[in-house]
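A.B. asks: Dumping the structure here so I can ask a few things about it.
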Amino acid sequence: NNSSRFGKHFDMQFSENGVILGAFTSVYLLEKPRITAHLEGERNYHVFYMLCKAPPTVRGSISLTKWQDYKICNQKGTVAEVTTWNDNQEFEDMHAALLKLGFSEEQRLEMYTLLAFVLHLGNVDFKPGKEGSEVKDPKQLDVCAQMMQVSAKQLSDAITFRTMGGGKLSTYKVPLEPRAATAVRNSLAMHVYNLVFDWAVQVINEYISVYNAFTCVGILDIFGFENFTINSFPQLCINFTNESLHNLFIEHVFKLEQEVYVKEEVEWNFVSYEDNQPIIDLIVKRPTCILSLLDEACKTGSGKDQNVLENYHATFGTAKYKAYIKPKKSSDRTFVLNHYAGEVVYTIEGWVEKNKDELSPDVTGLLEIHSNFEKLKELAHNDTQKKMDAAEAKTSKRRGGGGGAASKKTVGKTFSESLATLMEKLRATEHHYIRCLKPNQSLKAGDWDADFMFKQLAYSGTLEVTQIRKAGLNVRRPLKHFYQYYKVCSDDPGALRAGTVTKRTELLLRQLGVDENKYRVGKTLLFLLNYEILDELDRIRELRIVEYVVVLQSFFRMFGDYRRYRITMRAITRLQGFCKSWEIRRAYLEVRAASRLLQRATRVYLAHQKLIDMKDSEDPNLTPEKKREALLKILYPEKHGQGRVGLSGRRRPLRLKPVRVAGDDGDEEAEYLEMPKFAVFHEGYVNVKIGQMGRLERRYLSLKQGTLTMYQDHESLEALLSYNMAVCKVSMDENNLNVTRQQKLYMHKVRSMREAYRRVKGPLWGTDCLVIQRDPNAKDVTSVWQDKFDESINESKLVDAYKMQVNLEGEDEDKPVNQKVASIIKEGYLRKKKPGNSAVQDMKRSWERRYFVLYNDGKLRYYDSRAKTDEKGSLDLRFFALKEIDEDLEVDEEEEGGEKQSLKVQGQFFRIMKGKQFALYSGKHIFYMASPEREVCDEWISTLQTTLAILYQKSPLFNQEFIRVYMMDSTFTTMPLTEFTKVRDVVRFMCKKHVLNNETEWGLVEVWDHPGINGNMTERKLPGDELILDQTILAWERAARKKFGIVSVVPHTAFKFVMRKVTSLLPQARTKKEQTLEFCQALADVKDGRFTSPDVTETFDLAALAIFRDLKEGMSEAEQEEELVLEEGQLTAQLHHYLPNHWFKALANKRAPVREQQLEEWDRKVVTAFNELTRSELVDSESMSEVRRIVQSFRLETELNSIAATRMYIERVRIAPLCFSAQYIAEMWSVDKILKVLVVINAGGFHVHRLGPSPVLISTFNFDTLVSWQSMNDMLVINIIYAPNKMSDQKRREKLRFLTRESVHMRSLLSKYAEVVLANLVKRMREREAMQRQLDDDDDI
């Protein structure tokens, strides 16, 4: 069957859950000589017979008749029919399967045409001519040339002539004899079949394989050992393969056997085995081997089979080569090789011809240059390139030992190299073996052929493996199981006590008297010589079990007497209990008296609580008499009757359960608590007013993370007011639910009169009170809010009071934190200032010198002096973000010992060169701090940054378990998050989720709705090794507190992750999904203003292409055939979908007539561009825009449809400076200054921008200008050559230096883009040369 004519290696690809995702097939050792000649009693490849028996519609398209008309199919001894194979049915299955496995109908027809070409080529015969040889049947040659899409003369010259010499002036053609021409014809047929075979495997792999499988299982299916009546060169190759695989198999089995003994640390005489390496060396070890001598005969061109055989006898017919046996008769054209499976007699007939596989340059040129069969040309070119790459790689490995001219390829050499590749792959894997044996060759049930089975066992090497296993200790049992199972056989179980199960097993075997030479005890296994030992142990175990059964029977016989004894004992025990009950009763009376005393105290406590509730109650029906009656029922229920206590049921504050931990300070009474987490979450619309005298409005409230925030609505999430619930108080009356803030975010002690005024103003008409109106129709809503507020206040106080573990640089590892007393992290003198509500107030306020103390509960307090007696104010740091301020400060002169000192503006007193200040931001609240000594500020900044990063864990604003990643088509995917998740993990997850082929072309970008990233940017491409949780999300926490202050929820659009394509090394998307994402990204680049062009008409051309694409995608097939024509005024309402957003923002402030006039102008330009790009003929000129050049090029190659419009749109946008680009922030070094810039690399070249929310292009360099680049120690050096211009006629060189940590990645990306540019340049040159040759041929005609 065909499966035995080549080797297959399947990589079965599985997911994490064990589901098969796909498979990848690698083929080895294709038997190409069978195509032109096979043995008697066989047939050629089935596909040839299947094609000849195909339906007339298929055969007619490829000019095929019955199979008997083709010499390739109808050779001597060909088997016409196979009992287990139906050519007609198999063709139907194959014909349908090709479409299901990734072939299009056009590709399927191309495959059939190439196979038919091989059949027709086999019918081309040669006869002696005037010069060399000529074709017998020119008509047959014409058929082959027509299929190959070349002229008959080109095909004839390539087969019957050989070009010799070198260079264009010294080449000449040598005519070939019929025998040599036949060899060239056979090589061409084999090569074309091999191209088709490899193509089929490649297409199937691309269709069923995946790139991101969790694991793979490789399966090798290869031909077995062959020993026929007549064995030729193919049988030698097959048996050589089996020798190599058998060598690996025996080595693997013997190695495993030895590894078991070594792993178990067992002493044993290892068995030896007979190595088959000599026969392998005889066949393939160069320079002197069977294949090398055969290759030498093929190189001369005049070598004959008899000369090869005589050379074999003379070289290998000595005692040195024991595996080679000469025939008894010298006239026999055979030789014998002693394989591991037995002796095989090989016939030398046709070896030289079967070994030839070298394509002449004429044939190669015919396939790759002259043929107009595009698929054949493509396959031939790819095969040549692959061989050149393999030869170059092989040459580079041995370059140290010198080089030489490349040797001619032969079947044997190709076969051995392919086998070496397979063996290298197998040795790198953990392999297992499955041996398939057939009971007979008649394919019938119940027929057992013993001799045939024995041969299969010998050919598969199973007999040798059995001998290896029998030579050792082949009975093995797990040590623990053996000891537990057979320890019952021991005469003295107490003597088996030992530290390990190994020692206990040795003691057990010695007690049982087992011969020490018949067993070995390993670390986990017991090795026994034979099963007789186990039989004897089983016999002993059975006897011991019988003894124990007798003991159990005795116990059950005793059970009746034991039962009567238990009854007697129970009666005696009851009598004793009755006597003891008198003493127990007396103790009971004492306990009852104490209980009554406790009940009395409890009633008094309940009565006291009831009295407090009645005092707080405003119920008019609750008279003093009723109060007295209720209290008497609680105190004296027996006298005044039972009554309900009816307490108010106020919630008790939540408390954490303390966990005692031994501290280092020796205080055994210290209690340490686990960090509390916020759990209360509630939101909804309510009728609310700010202040008791405020206006009632319906607003959206959100209670989360201990923060109550009032928003304008739930969509925009515009915060109006926020409270920290830890400093709030909740009260309830008949109509309203009041939330009063008792302390602001920034607490500062002021004069008593001002404080009194604030206390009055805040709840009445200020912002210190939030009043929620009760809805009579939904009273439960207000009750739920009250319960949530109470719970949130309790847990907020717990979270605020929790003391964090803060380890600064140089400190020891984490230690338990005492939660009873807050410890000091850092303290010292600083200047502080809080800005006023206006610029005038800000100027009036001066700097004050205060003693700051940072505690581990997150509070920053400041005092008048180091004594810390009078606290002046405090801040809750978990709501603040820190920012350094680069400013030179000046301080006034101060007396020693003075408590108040102030910093003044520059110019009044004296300048402090080392001064530095920083600020704590929380939305609109800013708290400035400074010090004349920069080192002091640096220490405080470092400590505060570390503390803030830890304090943010108390109330994180962003989810710590999941992140949301947006795609360019506005969809998003939720991904689980861990502390070890990096950016590259997110990119890999998204590519796998959305089936994106090349994850290296995609990047993760963080996008903010406000400038704040390095360099005042609004977006940044994240490096692959950046941690999402500890770096990116932490930066978001800081930015959110600085931007929004104290809020419960941050808008989703404020910070988000976006997946973008950051490189375009492959210009066209490989999947429809990826192409759609690229178009969405390109459209977003145009709308967001990232696409820039000096020619504004390109923007209208791009809008026209996008509109054309959208219109075409929404049409049916019949509608797409109709011509599209747009008129002015049709697109006015849709222009904002295709034109830049900042154009429309600029129009918003203009008058309505001006705005309408501008929209009409834009509509006219888009409609004009649409009609010109889709209908009119584009005239090439120097002023033509880049978009129109791309459209003109596409319209020459393909029909204008939605797919083409998408590709053209992407093709133009991707070369713009900020589009489809990898962006890096770097420092550009020049002669006189250092400038922080944004470096952008994409298909358009190397671009430098000024940092900012809208980066400004400084300079751009395409790949024609860039000469070289290199990276050294985080420095990227770019060498540039400027072309001559009007100012100078000479080329000018310049060297740019950029300092960045990603210099290596930038250099690698530039090199990849340069390779793509070079490949495109070579492609255009070849197309230009082909076009020129075509023009020259037309002129000759």
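Labels used: A, B, ... for chains in the order of the structure tokens, numbers from 1 for residues in each chain, and numbers from 1 for ligands as shown.
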I need the residues in stretch 1257-1306 of chain A that are strand (DSSP E) according to DSSP; give them as a VMD selection string.
C.D. replies: chain A and resid 1257 to 1261 1266 to 1272 1275 to 1282 1292 to 1299
A.B. asks: Just want the 7 Å neighbourhood of A:Cys216, counted on only C-alpha atoms, with same-chain residues fewer than 5 positions away dropped. Output as a ChimeraX atom specification.
C.D. replies: /A:11-14
A.B. asks: Give me, please, the distance in Å between atom CA of A:Leu293 and atom CA of A:Thr160, quoted to one decimal.
C.D. replies: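 According to the coordinates, atom CA of A:Leu293 and atom CA of A:Thr160 are separated by 27.0 Å.
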A.B. asks: Show which residues sit within 9 Å of A:Thr1018, as a ChimeraX atom specification. Count only C-alpha atoms, and ignore same-chain residues fewer than 2 positions away.
C.D. replies: /A:1006-1014,1016,1020,1252-1254
A.B. asks: Got a sec: who's within 7 Å of stretch 251-268 of chain A, counting only C-alpha atoms, leaving out chain neighbours fewer than 5 positions off, as number ranges by chain?
C.D. replies: A: 520, 522-524
A.B. asks: Mind writing the picked residues with C-alpha atoms as a PDB file, in the first residue's frame?
C.D. replies:
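Output file selection.pdb follows:
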ATOM      1  CA  ARG A 520      17.302  -7.673  45.417  1.00  0.00           C
ATOM      2  CA  GLY A 522      15.551  -1.546  45.835  1.00  0.00           C
ATOM      3  CA  LYS A 523      14.360   1.837  47.050  1.00  0.00           C
ATOM      4  CA  THR A 524      10.759   1.384  45.836  1.00  0.00           C
TER       5      THR A 524
END
A.B. asks: Could you pull out the alpha helix (DSSP H) residues of stretch 532-733 of chain A, going by DSSP on the backbone, and write them as a VMD selection string?
C.D. replies: chain A and resid 532 to 616 624 to 635 637 to 640
A.B. asks: Skipping near chain neighbours, those fewer than 2 positions away, what residues fall within 8 Å of stretch 779-787 of chain A using only C-alpha atoms, listed as a compact mmCIF listing (two decimals) with all heavy atoms, in the first residue's frame?
C.D. replies:
# COMPACT_ATOMS: atom_id res chain seq x y z
N HIS A 682 -23.13 48.52 47.55
CA HIS A 682 -24.53 48.85 47.26
C HIS A 682 -24.55 50.07 46.34
O HIS A 682 -23.69 50.95 46.44
CB HIS A 682 -25.30 49.13 48.54
CG HIS A 682 -26.79 49.08 48.36
ND1 HIS A 682 -27.44 47.97 47.89
CD2 HIS A 682 -27.75 50.02 48.57
CE1 HIS A 682 -28.73 48.21 47.83
NE2 HIS A 682 -28.94 49.45 48.24
N VAL A 730 -24.54 58.00 60.82
CA VAL A 730 -25.83 57.78 60.15
C VAL A 730 -26.93 57.92 61.18
O VAL A 730 -26.84 57.37 62.29
CB VAL A 730 -25.87 56.38 59.49
CG1 VAL A 730 -27.23 56.16 58.83
CG2 VAL A 730 -24.77 56.25 58.46
N MET A 732 -31.49 58.31 61.47
CA MET A 732 -32.74 58.05 60.75
C MET A 732 -33.90 58.72 61.47
O MET A 732 -34.02 58.62 62.69
CB MET A 732 -32.96 56.54 60.68
CG MET A 732 -34.15 56.13 59.86
SD MET A 732 -33.79 56.16 58.10
CE MET A 732 -35.23 55.32 57.48
N LEU A 737 -33.10 59.89 55.79
CA LEU A 737 -31.92 59.16 56.26
C LEU A 737 -30.73 60.10 56.08
O LEU A 737 -30.42 60.52 54.96
CB LEU A 737 -31.70 57.87 55.45
CG LEU A 737 -30.43 57.09 55.73
CD1 LEU A 737 -30.40 56.59 57.16
CD2 LEU A 737 -30.30 55.91 54.76
N ILE A 772 -31.06 61.67 52.47
CA ILE A 772 -31.78 60.79 51.55
C ILE A 772 -33.23 60.75 51.97
O ILE A 772 -33.55 60.39 53.12
CB ILE A 772 -31.18 59.38 51.55
CG1 ILE A 772 -29.69 59.43 51.17
CG2 ILE A 772 -31.94 58.47 50.61
CD1 ILE A 772 -29.00 58.09 51.25
N ARG A 774 -36.98 59.50 52.33
CA ARG A 774 -37.64 58.20 52.36
C ARG A 774 -38.81 58.19 51.40
O ARG A 774 -39.62 59.12 51.36
CB ARG A 774 -38.13 57.87 53.78
CG ARG A 774 -37.02 57.78 54.81
CD ARG A 774 -37.54 57.33 56.15
NE ARG A 774 -38.08 55.98 56.09
CZ ARG A 774 -38.59 55.32 57.14
NH1 ARG A 774 -38.62 55.92 58.33
NH2 ARG A 774 -39.04 54.10 57.00
N ASP A 775 -38.93 57.13 50.65
CA ASP A 775 -40.03 56.96 49.70
C ASP A 775 -41.15 56.19 50.40
O ASP A 775 -40.93 55.04 50.81
CB ASP A 775 -39.54 56.21 48.47
CG ASP A 775 -40.58 56.19 47.36
OD1 ASP A 775 -41.70 56.67 47.60
OD2 ASP A 775 -40.26 55.70 46.25
N PRO A 776 -42.34 56.78 50.53
CA PRO A 776 -43.43 56.05 51.24
C PRO A 776 -43.80 54.75 50.55
O PRO A 776 -44.25 53.81 51.20
CB PRO A 776 -44.59 57.07 51.21
CG PRO A 776 -43.94 58.40 50.99
CD PRO A 776 -42.72 58.14 50.15
N ASN A 777 -43.62 54.68 49.24
CA ASN A 777 -43.98 53.48 48.50
C ASN A 777 -42.90 52.41 48.53
O ASN A 777 -43.14 51.28 48.12
CB ASN A 777 -44.29 53.84 47.05
CG ASN A 777 -45.44 54.82 46.94
OD1 ASN A 777 -46.39 54.77 47.74
ND2 ASN A 777 -45.37 55.73 45.97
N PHE A 789 -25.12 51.33 55.26
CA PHE A 789 -24.29 52.39 55.81
C PHE A 789 -23.67 51.96 57.14
O PHE A 789 -22.48 52.19 57.39
CB PHE A 789 -25.12 53.66 56.01
CG PHE A 789 -25.44 54.38 54.73
CD1 PHE A 789 -26.57 55.19 54.62
CD2 PHE A 789 -24.63 54.24 53.61
CE1 PHE A 789 -26.86 55.86 53.44
CE2 PHE A 789 -24.92 54.91 52.44
CZ PHE A 789 -26.03 55.70 52.34
N ASP A 790 -24.48 51.35 58.01
CA ASP A 790 -23.97 50.90 59.31
C ASP A 790 -22.85 49.87 59.13
O ASP A 790 -21.80 49.94 59.78
CB ASP A 790 -25.11 50.31 60.15
CG ASP A 790 -26.10 51.37 60.59
OD1 ASP A 790 -25.70 52.55 60.62
OD2 ASP A 790 -27.26 51.02 60.87
N GLU A 791 -23.08 48.91 58.26
CA GLU A 791 -22.05 47.89 58.03
C GLU A 791 -20.79 48.51 57.44
O GLU A 791 -19.67 48.15 57.82
CB GLU A 791 -22.60 46.82 57.08
CG GLU A 791 -23.74 46.01 57.66
CD GLU A 791 -24.29 45.01 56.66
OE1 GLU A 791 -23.67 44.86 55.59
OE2 GLU A 791 -25.32 44.39 56.95
A.B. asks: Which residues come within 7 Å of stretch 532-542 of chain A, counting only C-alpha atoms, excluding same-chain residues fewer than 5 positions away, as a list of chain:residue names?
C.D. replies: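 Close residues of stretch 532-542 of chain A: A:Tyr486, A:Val488, A:Cys489.
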A.B. asks: Print the selection's residues with N, CA, C and O atoms to a file, as a short mmCIF file (atom, residue, chain, number, x, y, z; two decimals), in the first residue's frame.
C.D. replies:
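As written to disk, selection27.cif reads:
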data_model
loop_
_atom_site.label_atom_id
_atom_site.label_comp_id
_atom_site.auth_asym_id
_atom_site.auth_seq_id
_atom_site.Cartn_x
_atom_site.Cartn_y
_atom_site.Cartn_z
N TYR A 486 2.63 -9.41 52.54
CA TYR A 486 3.25 -10.64 53.01
C TYR A 486 3.80 -10.57 54.43
O TYR A 486 4.39 -11.55 54.91
N VAL A 488 2.19 -10.75 57.03
CA VAL A 488 1.45 -11.72 57.82
C VAL A 488 2.16 -13.05 57.90
O VAL A 488 1.90 -13.88 58.79
N CYS A 489 3.11 -13.32 56.98
CA CYS A 489 3.83 -14.59 56.96
C CYS A 489 4.94 -14.66 58.01
O CYS A 489 5.53 -15.73 58.23
#
A.B. asks: Calculate how many Å separate atom CA of A:Asn74 from atom CA of A:Lys32, rounding to one decimal.
C.D. replies: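 It comes out at 16.9 Å.
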A.B. asks: Rank A:Pro637, A:Gly365, A:Gly1129, A:Gly577 by their smallest atom-to-atom distance to A:Arg1164, using only C-alpha atoms, and report the top residue only.
C.D. replies: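 Counting only C-alpha atoms, the residue closest to A:Arg1164 is A:Gly1129.
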A.B. asks: Could you tell me how far atom CA of A:Phe117 sits from atom CA of A:Glu368, in Å to one decimal place?
C.D. replies: 16.3 Å
A.B. asks: Which residue out of A:Gly7, A:His370, A:Trp85, A:His120 has the minimum interatomic distance to A:Ile238 when only C-alpha atoms are used?
C.D. replies: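 For A:Ile238, the nearest of the given residues is A:Gly7.
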A.B. asks: Which of these, A:Thr505, A:Gln945, A:Asn1141, A:Gln642, has the shortest distance to A:Leu479 once you count only C-alpha atoms?
C.D. replies: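 Ranking A:Thr505, A:Gln945, A:Asn1141, A:Gln642 by distance to A:Leu479, first place goes to A:Thr505.
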